[in-house]
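Just query_22.txt here, compact mmCIF, C-alpha atoms:
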```txt
# COMPACT_ATOMS: atom_id res chain seq x y z
CA MET A 763 12.26 29.14 14.10
CA ASN A 764 14.54 26.76 12.22
CA GLY A 765 13.80 24.11 14.82
CA VAL A 766 10.06 24.49 14.25
CA ASN A 767 10.48 24.25 10.48
CA SER A 768 12.66 21.19 10.89
CA ALA A 769 10.04 19.53 13.10
CA VAL A 770 7.28 20.29 10.60
CA GLU A 771 9.36 18.90 7.74
CA THR A 772 10.06 15.73 9.73
CA LEU A 773 6.38 15.35 10.55
CA MET A 774 5.38 15.80 6.90
CA SER A 775 8.06 13.38 5.74
CA GLY A 776 6.88 10.74 8.20
CA THR A 777 3.25 11.34 7.31
CA ASN A 778 3.93 11.02 3.58
CA THR A 779 5.89 7.83 4.17
CA LEU A 780 3.02 6.35 6.19
CA PHE A 781 0.49 7.50 3.59
CA ILE A 782 2.18 5.81 0.67
CA LEU A 783 3.02 2.74 2.79
CA LEU A 784 -0.69 2.26 3.52
CA GLY A 785 -1.33 2.54 -0.21
CA ALA A 786 1.32 -0.08 -0.94
CA ILE A 787 -0.26 -2.44 1.61
CA MET A 788 -3.73 -1.96 0.10
CA VAL A 789 -2.48 -2.68 -3.41
CA LEU A 790 -0.47 -5.65 -2.12
CA LEU A 791 -3.75 -7.01 -0.75
CA MET A 792 -5.23 -6.67 -4.24
CA HIS A 793 -2.91 -9.46 -5.35
CA GLY A 794 -4.87 -11.74 -3.04
CA GLY A 795 -7.91 -10.57 -4.99
CA PHE A 796 -6.28 -11.51 -8.26
CA ALA A 797 -5.55 -14.94 -6.78
CA PHE A 798 -9.06 -15.69 -5.56
CA LEU A 799 -10.69 -14.30 -8.70
CA GLU A 800 -8.65 -16.81 -10.69
CA VAL A 801 -9.18 -19.64 -8.17
CA GLY A 802 -12.93 -19.21 -8.40
CA THR A 803 -12.96 -19.02 -12.19
CA VAL A 804 -10.73 -21.96 -13.17
CA ARG A 805 -11.66 -25.61 -12.77
CA HIS A 806 -10.90 -27.48 -9.53
CA LYS A 807 -7.83 -29.18 -10.97
CA ASN A 808 -6.13 -25.80 -11.51
CA GLN A 809 -6.90 -23.96 -8.26
CA VAL A 810 -3.57 -24.56 -6.52
CA ASN A 811 -1.71 -23.37 -9.61
CA ALA A 812 -3.71 -20.14 -9.61
CA LEU A 813 -2.71 -19.39 -6.02
CA VAL A 814 0.92 -20.30 -6.51
CA LYS A 815 1.33 -18.27 -9.70
CA ILE A 816 0.18 -15.00 -8.15
CA LEU A 817 2.51 -15.31 -5.15
CA THR A 818 5.58 -16.47 -7.06
CA ASP A 819 4.96 -13.90 -9.80
CA PHE A 820 5.04 -11.24 -7.11
CA GLY A 821 8.39 -12.52 -5.86
CA ILE A 822 9.90 -12.53 -9.35
CA SER A 823 8.42 -9.09 -10.06
CA THR A 824 9.99 -7.68 -6.92
CA LEU A 825 13.48 -8.75 -7.94
CA ALA A 826 13.01 -7.68 -11.57
CA TYR A 827 11.70 -4.25 -10.60
CA PHE A 828 14.15 -3.67 -7.74
CA PHE A 829 17.27 -4.43 -9.76
CA ILE A 830 16.24 -3.37 -13.28
CA GLY A 831 12.73 -2.02 -13.92
CA TYR A 832 12.63 0.81 -11.39
CA GLN A 833 15.89 2.19 -12.70
CA ILE A 834 14.66 2.07 -16.31
CA ALA A 835 11.47 3.90 -15.36
CA TYR A 836 12.82 6.50 -12.93
CA GLY A 837 16.60 6.41 -13.12
CA ASN A 838 16.85 5.51 -9.42
CA HIS A 839 18.69 2.53 -7.96
CA PHE A 840 19.29 1.08 -4.51
CA PHE A 841 23.03 0.48 -4.70
CA ALA A 842 23.70 2.88 -1.84
CA SER A 843 24.20 2.60 1.92
CA ALA A 844 21.21 1.94 4.14
CA ASP A 845 21.92 5.32 5.77
CA THR A 846 21.38 7.01 2.41
CA LEU A 847 18.28 5.00 1.62
CA ALA A 848 16.71 5.85 4.98
CA VAL A 849 16.73 9.62 4.33
CA ASN A 850 13.31 11.31 4.79
CA ASN A 851 12.00 8.36 6.79
CA GLY A 852 12.79 6.04 3.88
CA TYR A 853 10.12 7.67 1.69
CA GLU A 854 11.87 6.71 -1.57
CA LEU A 855 12.00 3.06 -0.47
CA VAL A 856 8.30 3.02 0.31
CA LYS A 857 7.55 4.80 -2.96
CA PHE A 858 9.35 1.94 -4.68
CA PHE A 859 7.20 -0.54 -2.72
CA PHE A 860 4.03 1.25 -3.83
CA LEU A 861 5.06 1.37 -7.49
CA LEU A 862 6.23 -2.24 -7.32
CA THR A 863 2.71 -3.35 -6.41
CA PHE A 864 1.56 -1.68 -9.63
CA ALA A 865 4.31 -3.34 -11.68
CA ALA A 866 3.54 -6.75 -10.20
CA ALA A 867 -0.06 -6.38 -11.36
CA ILE A 868 1.17 -7.02 -14.90
CA PRO A 869 1.96 -10.75 -14.35
CA ALA A 870 -1.13 -11.08 -12.14
CA ILE A 871 -3.26 -9.85 -15.04
CA ILE A 872 -1.52 -12.15 -17.52
CA SER A 873 -1.96 -15.11 -15.17
CA GLY A 874 -5.73 -15.00 -15.54
CA GLY A 875 -5.55 -15.11 -19.32
CA ILE A 876 -3.15 -18.03 -19.63
CA ALA A 877 -4.67 -20.17 -16.87
CA GLU A 878 -5.10 -23.95 -16.99
CA ARG A 879 -2.60 -24.86 -19.71
CA ALA A 880 0.58 -22.82 -19.22
CA LYS A 881 3.96 -24.12 -18.12
CA PHE A 882 5.07 -22.81 -14.75
CA TYR A 883 8.71 -21.75 -14.98
CA PRO A 884 8.63 -20.39 -18.54
CA PHE A 885 5.85 -18.02 -17.55
CA LEU A 886 7.73 -16.99 -14.43
CA ILE A 887 10.62 -16.07 -16.73
CA GLY A 888 8.20 -14.15 -18.93
CA SER A 889 6.89 -12.31 -15.87
CA GLY A 890 10.39 -11.25 -14.90
CA LEU A 891 11.17 -9.99 -18.39
CA THR A 892 7.96 -7.98 -18.74
CA VAL A 893 8.37 -6.31 -15.34
CA ALA A 894 12.08 -5.68 -15.88
CA PHE A 895 11.92 -4.33 -19.43
CA VAL A 896 8.50 -3.92 -21.08
CA TYR A 897 6.35 -2.28 -18.42
CA PRO A 898 9.01 0.18 -17.16
CA VAL A 899 9.55 1.57 -20.66
CA PHE A 900 5.99 2.86 -20.91
CA GLU A 901 5.78 3.67 -17.20
CA GLY A 902 8.85 5.90 -17.52
CA MET A 903 7.50 7.52 -20.70
CA ILE A 904 4.29 8.60 -19.00
CA TRP A 905 5.04 9.00 -15.30
CA ASN A 906 8.63 10.21 -15.48
CA GLY A 907 8.72 12.04 -18.81
CA ASN A 908 11.32 9.72 -20.36
CA TYR A 909 12.20 9.85 -24.07
CA GLY A 910 10.51 13.24 -24.57
CA PHE A 911 7.12 11.68 -25.40
CA GLN A 912 5.11 13.77 -22.93
CA ASP A 913 6.93 16.97 -23.92
CA TRP A 914 6.10 16.29 -27.56
CA LEU A 915 2.41 15.73 -26.80
CA GLU A 916 2.24 18.92 -24.77
CA SER A 917 3.94 20.99 -27.46
CA GLN A 918 1.75 19.57 -30.23
CA PHE A 919 -1.64 19.27 -28.53
CA GLY A 920 -1.48 21.56 -25.51
CA ALA A 921 -1.41 18.84 -22.85
CA ALA A 922 0.55 15.72 -21.98
CA PHE A 923 -1.06 12.29 -21.74
CA HIS A 924 -3.00 12.15 -18.46
CA ASP A 925 -3.14 8.81 -16.64
CA PHE A 926 -3.43 9.52 -12.94
CA ALA A 927 -3.57 5.95 -11.62
CA GLY A 928 -2.83 3.69 -14.55
CA SER A 929 -5.81 2.87 -16.77
CA VAL A 930 -3.32 2.52 -19.61
CA VAL A 931 0.08 2.48 -17.87
CA VAL A 932 -0.86 -0.50 -15.68
CA HIS A 933 -4.11 -2.11 -16.81
CA GLY A 934 -3.93 -1.38 -20.50
CA VAL A 935 -0.33 -2.52 -20.72
CA GLY A 936 -1.05 -5.65 -18.67
CA GLY A 937 -4.11 -6.52 -20.71
CA TRP A 938 -2.39 -6.07 -24.07
CA ILE A 939 0.69 -8.04 -23.02
CA ALA A 940 -1.78 -10.74 -21.97
CA PHE A 941 -3.33 -10.53 -25.44
CA ALA A 942 0.02 -11.55 -26.95
CA ALA A 943 0.58 -14.33 -24.40
CA VAL A 944 -2.92 -15.80 -24.85
CA TYR A 945 -2.62 -15.68 -28.64
CA LEU A 946 0.74 -17.48 -28.62
CA LEU A 947 -0.42 -20.05 -26.08
CA GLY A 948 -3.52 -21.24 -27.92
CA SER A 949 -6.83 -22.47 -26.52
CA ARG A 950 -7.36 -25.10 -23.86
CA ASN A 951 -7.92 -28.66 -25.06
CA GLY A 952 -11.61 -29.38 -25.51
CA ARG A 953 -12.60 -25.74 -25.27
CA TYR A 954 -13.91 -25.60 -28.83
CA ARG A 955 -15.66 -28.38 -30.76
CA ASN A 956 -16.93 -28.03 -34.30
CA GLY A 957 -16.45 -24.29 -34.07
CA ARG A 958 -18.54 -23.93 -30.91
CA VAL A 959 -17.39 -23.07 -27.43
CA VAL A 960 -17.69 -25.73 -24.71
CA ALA A 961 -18.60 -24.22 -21.36
CA PHE A 962 -16.02 -24.68 -18.60
CA ALA A 963 -18.02 -23.57 -15.59
CA PRO A 964 -16.29 -21.62 -12.79
CA SER A 965 -15.30 -23.93 -9.95
CA ASN A 966 -16.26 -21.67 -7.05
CA ILE A 967 -18.46 -18.58 -7.35
CA PRO A 968 -17.91 -17.57 -3.67
CA PHE A 969 -14.12 -17.50 -4.23
CA LEU A 970 -14.64 -15.54 -7.44
CA ALA A 971 -16.80 -13.04 -5.53
CA LEU A 972 -14.26 -12.84 -2.71
CA GLY A 973 -11.52 -12.02 -5.22
CA ALA A 974 -13.65 -9.29 -6.79
CA TRP A 975 -14.39 -7.74 -3.38
CA ILE A 976 -10.73 -7.76 -2.31
CA LEU A 977 -9.76 -6.09 -5.56
CA THR A 978 -12.55 -3.54 -5.27
CA VAL A 979 -11.63 -2.46 -1.75
CA GLY A 980 -7.92 -2.37 -2.49
CA TRP A 981 -8.57 -0.25 -5.57
CA PHE A 982 -9.28 2.78 -3.38
CA GLY A 983 -5.66 2.57 -2.26
CA PHE A 984 -4.61 2.05 -5.87
CA ASN A 985 -6.39 5.23 -7.01
CA VAL A 986 -6.50 7.61 -4.04
CA MET A 987 -2.93 6.98 -2.92
CA SER A 988 -1.57 7.52 -6.42
CA ALA A 989 -1.29 11.11 -5.17
CA GLN A 990 1.80 9.74 -3.33
CA THR A 991 1.82 12.57 -0.77
CA ILE A 992 -0.74 13.48 1.87
CA ASP A 993 -1.19 17.03 0.59
CA GLY A 994 -2.22 15.67 -2.81
CA ILE A 995 -5.04 13.47 -1.51
CA SER A 996 -8.43 14.16 -3.08
CA GLY A 997 -11.90 13.03 -2.13
CA LEU A 998 -12.81 13.53 -5.79
CA VAL A 999 -10.66 10.52 -6.69
CA ALA A 1000 -12.40 8.39 -4.07
CA VAL A 1001 -15.95 9.29 -5.13
CA ASN A 1002 -15.13 9.04 -8.84
CA SER A 1003 -13.79 5.53 -8.17
CA LEU A 1004 -16.96 4.70 -6.26
CA MET A 1005 -19.27 5.92 -9.01
CA ALA A 1006 -17.35 4.10 -11.76
CA MET A 1007 -17.44 0.92 -9.69
CA VAL A 1008 -21.21 1.20 -9.28
CA GLY A 1009 -21.72 2.03 -12.96
CA GLY A 1010 -19.71 -0.99 -14.03
CA THR A 1011 -21.57 -3.27 -11.64
CA LEU A 1012 -25.10 -2.29 -12.58
CA VAL A 1013 -24.57 -2.17 -16.33
CA ALA A 1014 -22.81 -5.55 -16.28
CA MET A 1015 -25.76 -6.90 -14.30
CA VAL A 1016 -28.25 -5.77 -16.95
CA VAL A 1017 -26.20 -6.51 -20.07
CA GLY A 1018 -24.89 -9.77 -18.61
CA LYS A 1019 -28.40 -10.94 -17.68
CA ASN A 1020 -27.65 -11.46 -13.99
CA ASP A 1021 -24.66 -13.72 -14.61
CA PRO A 1022 -22.62 -13.66 -11.36
CA GLY A 1023 -19.33 -13.76 -13.24
CA PHE A 1024 -20.21 -10.63 -15.18
CA ILE A 1025 -21.68 -8.91 -12.11
CA HIS A 1026 -18.48 -9.41 -10.11
CA ASN A 1027 -16.24 -8.35 -12.97
CA GLY A 1028 -18.39 -5.30 -13.67
CA PRO A 1029 -17.00 -3.20 -10.81
CA LEU A 1030 -13.48 -4.14 -11.85
CA ALA A 1031 -14.16 -2.97 -15.41
CA GLY A 1032 -15.44 0.35 -14.09
CA LEU A 1033 -12.47 0.80 -11.78
CA VAL A 1034 -9.98 -0.01 -14.55
CA ALA A 1035 -11.55 2.65 -16.75
CA VAL A 1036 -11.72 5.40 -14.12
CA CYS A 1037 -8.06 5.20 -13.06
CA ALA A 1038 -6.80 7.59 -15.73
CA GLY A 1039 -9.20 10.47 -15.11
CA SER A 1040 -10.26 9.84 -11.52
CA ASP A 1041 -8.60 13.06 -10.37
CA ILE A 1042 -10.20 15.34 -12.98
CA MET A 1043 -13.63 13.95 -13.93
CA HIS A 1044 -17.01 14.78 -12.41
CA PRO A 1045 -18.64 11.91 -10.46
CA ILE A 1046 -21.50 11.73 -12.98
CA GLY A 1047 -18.95 11.45 -15.78
CA SER A 1048 -17.22 8.67 -13.84
CA LEU A 1049 -20.53 6.84 -13.49
CA LEU A 1050 -20.93 6.92 -17.28
CA VAL A 1051 -17.32 5.86 -17.88
CA GLY A 1052 -17.76 2.92 -15.52
CA GLY A 1053 -21.06 1.94 -17.10
CA VAL A 1054 -19.59 1.89 -20.60
CA ALA A 1055 -16.69 -0.23 -19.30
CA GLY A 1056 -19.12 -2.74 -17.74
CA ALA A 1057 -20.95 -3.13 -21.05
CA LEU A 1058 -17.69 -3.27 -23.01
CA PHE A 1059 -16.40 -6.13 -20.87
CA VAL A 1060 -19.57 -8.21 -21.20
CA PHE A 1061 -19.90 -7.73 -24.97
CA VAL A 1062 -16.27 -8.33 -25.87
CA PHE A 1063 -15.77 -11.23 -23.45
CA THR A 1064 -18.83 -12.95 -24.90
CA LEU A 1065 -17.74 -12.22 -28.47
CA ALA A 1066 -14.20 -13.49 -27.87
CA GLN A 1067 -15.38 -16.68 -26.20
CA ASN A 1068 -17.85 -17.53 -28.97
CA ARG A 1069 -16.04 -16.32 -32.08
CA PHE A 1070 -12.28 -16.36 -31.45
CA SER A 1071 -11.70 -20.11 -31.38
CA LYS A 1072 -7.92 -19.85 -30.98
CA PHE A 1073 -8.03 -17.04 -28.44
CA ASP A 1074 -8.90 -18.58 -25.07
CA ASP A 1075 -8.71 -15.80 -22.48
CA VAL A 1076 -9.86 -17.64 -19.35
CA LEU A 1077 -10.67 -14.68 -17.09
CA GLY A 1078 -11.25 -12.18 -19.89
CA VAL A 1079 -8.24 -10.10 -18.92
CA TRP A 1080 -7.84 -8.61 -22.40
CA PRO A 1081 -11.31 -7.01 -22.48
CA LEU A 1082 -11.26 -6.23 -18.74
CA HIS A 1083 -7.83 -4.64 -18.50
CA GLY A 1084 -6.74 -4.12 -22.10
CA LEU A 1085 -9.89 -2.69 -23.67
CA CYS A 1086 -11.40 -1.06 -20.56
CA GLY A 1087 -7.99 0.45 -19.82
CA LEU A 1088 -7.83 1.81 -23.37
CA TRP A 1089 -11.34 3.21 -22.98
CA GLY A 1090 -10.36 4.82 -19.67
CA GLY A 1091 -7.36 6.57 -21.20
CA ILE A 1092 -9.49 8.01 -24.01
CA ALA A 1093 -12.44 8.78 -21.72
CA ALA A 1094 -10.24 11.00 -19.54
CA GLY A 1095 -9.87 13.27 -22.57
CA VAL A 1096 -13.65 13.46 -22.92
CA PHE A 1097 -15.08 13.58 -19.40
CA GLY A 1098 -12.07 15.42 -17.98
CA ALA A 1099 -12.93 18.45 -20.12
CA GLU A 1100 -14.42 21.47 -18.38
CA SER A 1101 -17.37 21.45 -20.80
CA LEU A 1102 -18.46 18.12 -19.29
CA GLY A 1103 -17.89 19.11 -15.68
CA GLY A 1104 -14.26 18.04 -15.40
CA LEU A 1105 -11.30 20.04 -14.19
CA GLY A 1106 -9.79 20.39 -17.68
CA GLY A 1107 -6.12 20.43 -18.57
CA VAL A 1108 -6.42 17.46 -20.92
CA SER A 1109 -6.32 17.03 -24.67
CA PHE A 1110 -8.51 14.43 -26.37
CA THR A 1111 -5.96 13.94 -29.13
CA ALA A 1112 -3.12 13.47 -26.65
CA GLN A 1113 -5.23 10.93 -24.76
CA VAL A 1114 -5.88 8.93 -27.92
CA ILE A 1115 -2.23 8.98 -28.99
CA GLY A 1116 -0.96 8.15 -25.49
CA SER A 1117 -3.42 5.29 -25.12
CA LEU A 1118 -2.50 3.79 -28.49
CA ALA A 1119 1.18 4.16 -27.65
CA GLY A 1120 0.59 2.01 -24.58
CA VAL A 1121 -1.07 -0.66 -26.73
CA LEU A 1122 1.84 -0.59 -29.18
CA VAL A 1123 4.50 -0.97 -26.48
CA ALA A 1124 2.55 -3.73 -24.72
CA VAL A 1125 1.67 -5.80 -27.78
CA GLY A 1126 5.15 -5.46 -29.25
CA GLY A 1127 6.84 -6.26 -25.95
CA GLY A 1128 4.45 -9.12 -25.24
CA PHE A 1129 5.05 -10.85 -28.55
CA ILE A 1130 8.82 -10.41 -28.20
CA VAL A 1131 8.98 -11.76 -24.63
CA TYR A 1132 6.55 -14.66 -24.94
CA GLY A 1133 7.60 -15.44 -28.50
CA LEU A 1134 11.16 -15.81 -27.24
CA VAL A 1135 10.04 -17.93 -24.28
CA LYS A 1136 7.98 -20.11 -26.63
CA VAL A 1137 11.00 -20.79 -28.84
CA VAL A 1138 13.42 -21.42 -25.98
CA ALA A 1139 11.33 -23.24 -23.37
CA GLY A 1140 7.81 -23.72 -24.73
CA LEU A 1141 4.63 -22.26 -23.27
CA ARG A 1142 2.18 -25.15 -22.90
CA LEU A 1143 1.82 -28.15 -20.70
CA THR A 1144 1.63 -31.48 -22.50
CA GLU A 1145 -1.81 -32.78 -23.41
CA GLU A 1146 -1.64 -35.31 -20.56
CA GLU A 1147 -0.51 -32.69 -18.04
CA GLU A 1148 -3.31 -30.38 -19.07
CA PHE A 1149 -5.85 -33.22 -18.78
CA ASN A 1150 -4.64 -34.07 -15.27
CA GLY A 1151 -4.60 -30.39 -14.32
CA ALA A 1152 -1.84 -28.00 -13.42
CA ASP A 1153 -2.23 -28.74 -9.71
CA LEU A 1154 -1.12 -32.36 -9.93
CA SER A 1155 1.13 -31.94 -12.96
CA ILE A 1156 3.15 -29.02 -11.56
CA HIS A 1157 2.63 -28.91 -7.80
CA LYS A 1158 1.86 -32.59 -7.08
CA ILE A 1159 -1.13 -31.80 -4.88
CA GLY A 1160 -4.80 -30.94 -5.31
CA SER A 1161 -6.67 -28.06 -3.69
CA THR A 1162 -8.71 -30.37 -1.44
CA SER A 1163 -8.21 -33.81 0.10
CA ASP A 1164 -10.00 -36.76 -1.43
CA ASP A 1165 -10.36 -38.28 2.01
CA GLY A 1166 -13.12 -35.82 2.91
```

Write-out of the structure in structure tokens:
Amino acid sequence: MNGVNSAVETLMSGTNTLFILLGAIMVLLMHGGFAFLEVGTVRHKNQVNALVKILTDFGISTLAYFFIGYQIAYGNHFFASADTLAVNNGYELVKFFFLLTFAAAIPAIISGGIAERAKFYPFLIGSGLTVAFVYPVFEGMIWNGNYGFQDWLESQFGAAFHDFAGSVVVHGVGGWIAFAAVYLLGSRNGRYRNGRVVAFAPSNIPFLALGAWILTVGWFGFNVMSAQTIDGISGLVAVNSLMAMVGGTLVAMVVGKNDPGFIHNGPLAGLVAVCAGSDIMHPIGSLLVGGVAGALFVFVFTLAQNRFSKFDDVLGVWPLHGLCGLWGGIAAGVFGAESLGGLGGVSFTAQVIGSLAGVLVAVGGGFIVYGLVKVVAGLRLTEEEEFNGADLSIHKIGSTSDDG
């Protein structure tokens, strides 16, 4: 009998390891989506830089999270023998890989906001610092119960802060750190004249669309596999993600007046917002949450571009991730309630406080990190380098050959 139990445990261990590995691979693929979304949005002279930033940011994030961030968040480290690390089919290693892909989304989000005029190495340093120190602080607070924050919420309001797949922990934090970086960086040269915005048209709508599709497909690994074990998988998470995606798409289509940029960011807005409550909301509730997120992105992106002359968020990552993530955290406390068809177990007050706490940590950490980088190394390319484009100024090559 012991042999049978041992075989079953080995099978489950291997299955769980494969399950979360597949999730890690799907979220890793999403970084290609981040890259192509940015490539399609920026001007031709900055396409190479967009591709390079996402890949090198991932490399820096891996080292920062492996050696520092993961230990801050979960208290685990990898300074042990390979024999020890390989226990249970190496599940803990693959869990790290999965959570790393979440952590590395922070610099990928920031990259879209600071595109076309940012120095290369200073922002790589900023990426390392945010993944090593800022993101893990809030990640550990929410997903590992660090610092007693979740216990306090539960004792005061009857439930801890619920963020199943990271509306606030990942997207909100990334978007609000980006808010600080974009503010400190300043707007692109020529973007505003006499108080009016000058349109910088996207360089490649097909690449933009490709990036949105890669992100959308990968998001089902992001959300569904946040269960982290095969016995926790839920079709509810998958269909809630689907409905929020559709809601975001269609509302962005209508509110954005058929603009392809808004239409392809609409599903991303919906998916950002549904992450927090995807495991507890009803699909109709998720449709509404996604629809509100699609409208929120279009309205705030348009407002920021036309009214905030010093705040030049190229891809709209603050409204997309920061505000839609904040909305998702709060919405889980509304549409997760049993009275609205959800599974319950959430507190609206705890959701508001937890969401605002994420904003506070992200904005504070973002201004500290990028303020320090600005003082020490500077954030912006020179005016001439920006005019020539980041591709030639930093990487010494354009995205296409002039020889045709």

Of the listed residues A:Val986, A:Phe1061, A:Ile992, A:Phe895, that which approaches Gly1018 of chain A most closely, counting only C-alpha atoms = A:Phe1061

For Tyr1132 of chain A, which residue out of A:Gly888, A:Gly957, A:Gly1098, A:Gly1106 is the nearest one, using all atoms listed in the file?
->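 Going through A:Gly888, A:Gly957, A:Gly1098, A:Gly1106 one by one, the smallest distance to Tyr1132 of chain A is for A:Gly888.
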
Of the candidates A:Ala842, A:Val801, A:Ala877, A:Val893, which one gets nearest to Ala826 of chain A if we count only C-alpha atoms?
-> A:Val893

What's the 8 Å shell around segment 1078-1095 of chain A, counting all atoms listed in the file, without same-chain residues fewer than 3 positions away, as a ChimeraX atom specification?
-> /A:871-872,874-875,924-925,929-930,933-938,940-941,1027,1030-1032,1034-1039,1042-1043,1051,1055,1058-1059,1062-1063,1075,1098-1099,1108-1114,1116-1118,1121

Find, counting only C-alpha atoms, the residue in A:Leu1134, A:Val1016, A:Val1125, A:Val1008 that gets nearest to Val896 of chain A.
->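 Under the stated criterion, the closest residue is A:Val1125.
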
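The gap separating atom CA of Ile1115 of chain A from atom CA of Ala921 of chain A is 11.6 Å, in Å to one decimal.
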
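Considering the residues A:Asn956, A:Gln1067, A:Asn951, A:Ser768 and counting only C-alpha atoms, Phe1149 of chain A has its shortest atom-to-atom contact with A:Asn951.
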
Ref. answer, residues at most 9 Å from (0.8, -8.1, -4.1) with only C-alpha atoms, as a ChimeraX atom specification | /A:786-794,796,816-817,820-821,862-864,866-867,870

Mind giving me the straight-line distance from atom CA of Phe926 of chain A to atom CA of Tyr832 of chain A in Å, one decimal?
->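 Interatomic distance here is 18.3 Å.
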
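Considering all atoms listed in the file, the residue among A:Pro964, A:Val1123, A:Gly1128, A:Phe828 positioned nearest to Lys807 of chain A is A:Pro964.
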
If you measure from atom CA of Gly983 of chain A to atom CA of Gly785 of chain A, what distance in Å do you get, rounded to one decimal?
-> 4.8 Å

Report, as AutoDock Vina command-line options, the axis-aligned box around all atoms of segment 1067-1085 of chain A present in the file, extended by 6 Å on each side; give centre and edge lengths in Å to one decimal place.
```
--center_x -12.3 --center_y -11.4 --center_z -24.6 --size_x 23.1 --size_y 29.4 --size_z 27.0
```

Show which residues sit within 12 Å of Leu891 of chain A, as a PyMOL selection string. Count all atoms listed in the file, and ignore same-chain residues fewer than 3 positions away.
-> chain A and resi 819+822-827+829-831+865-866+868-869+884-888+894-899+939+1127-1132+1134-1135
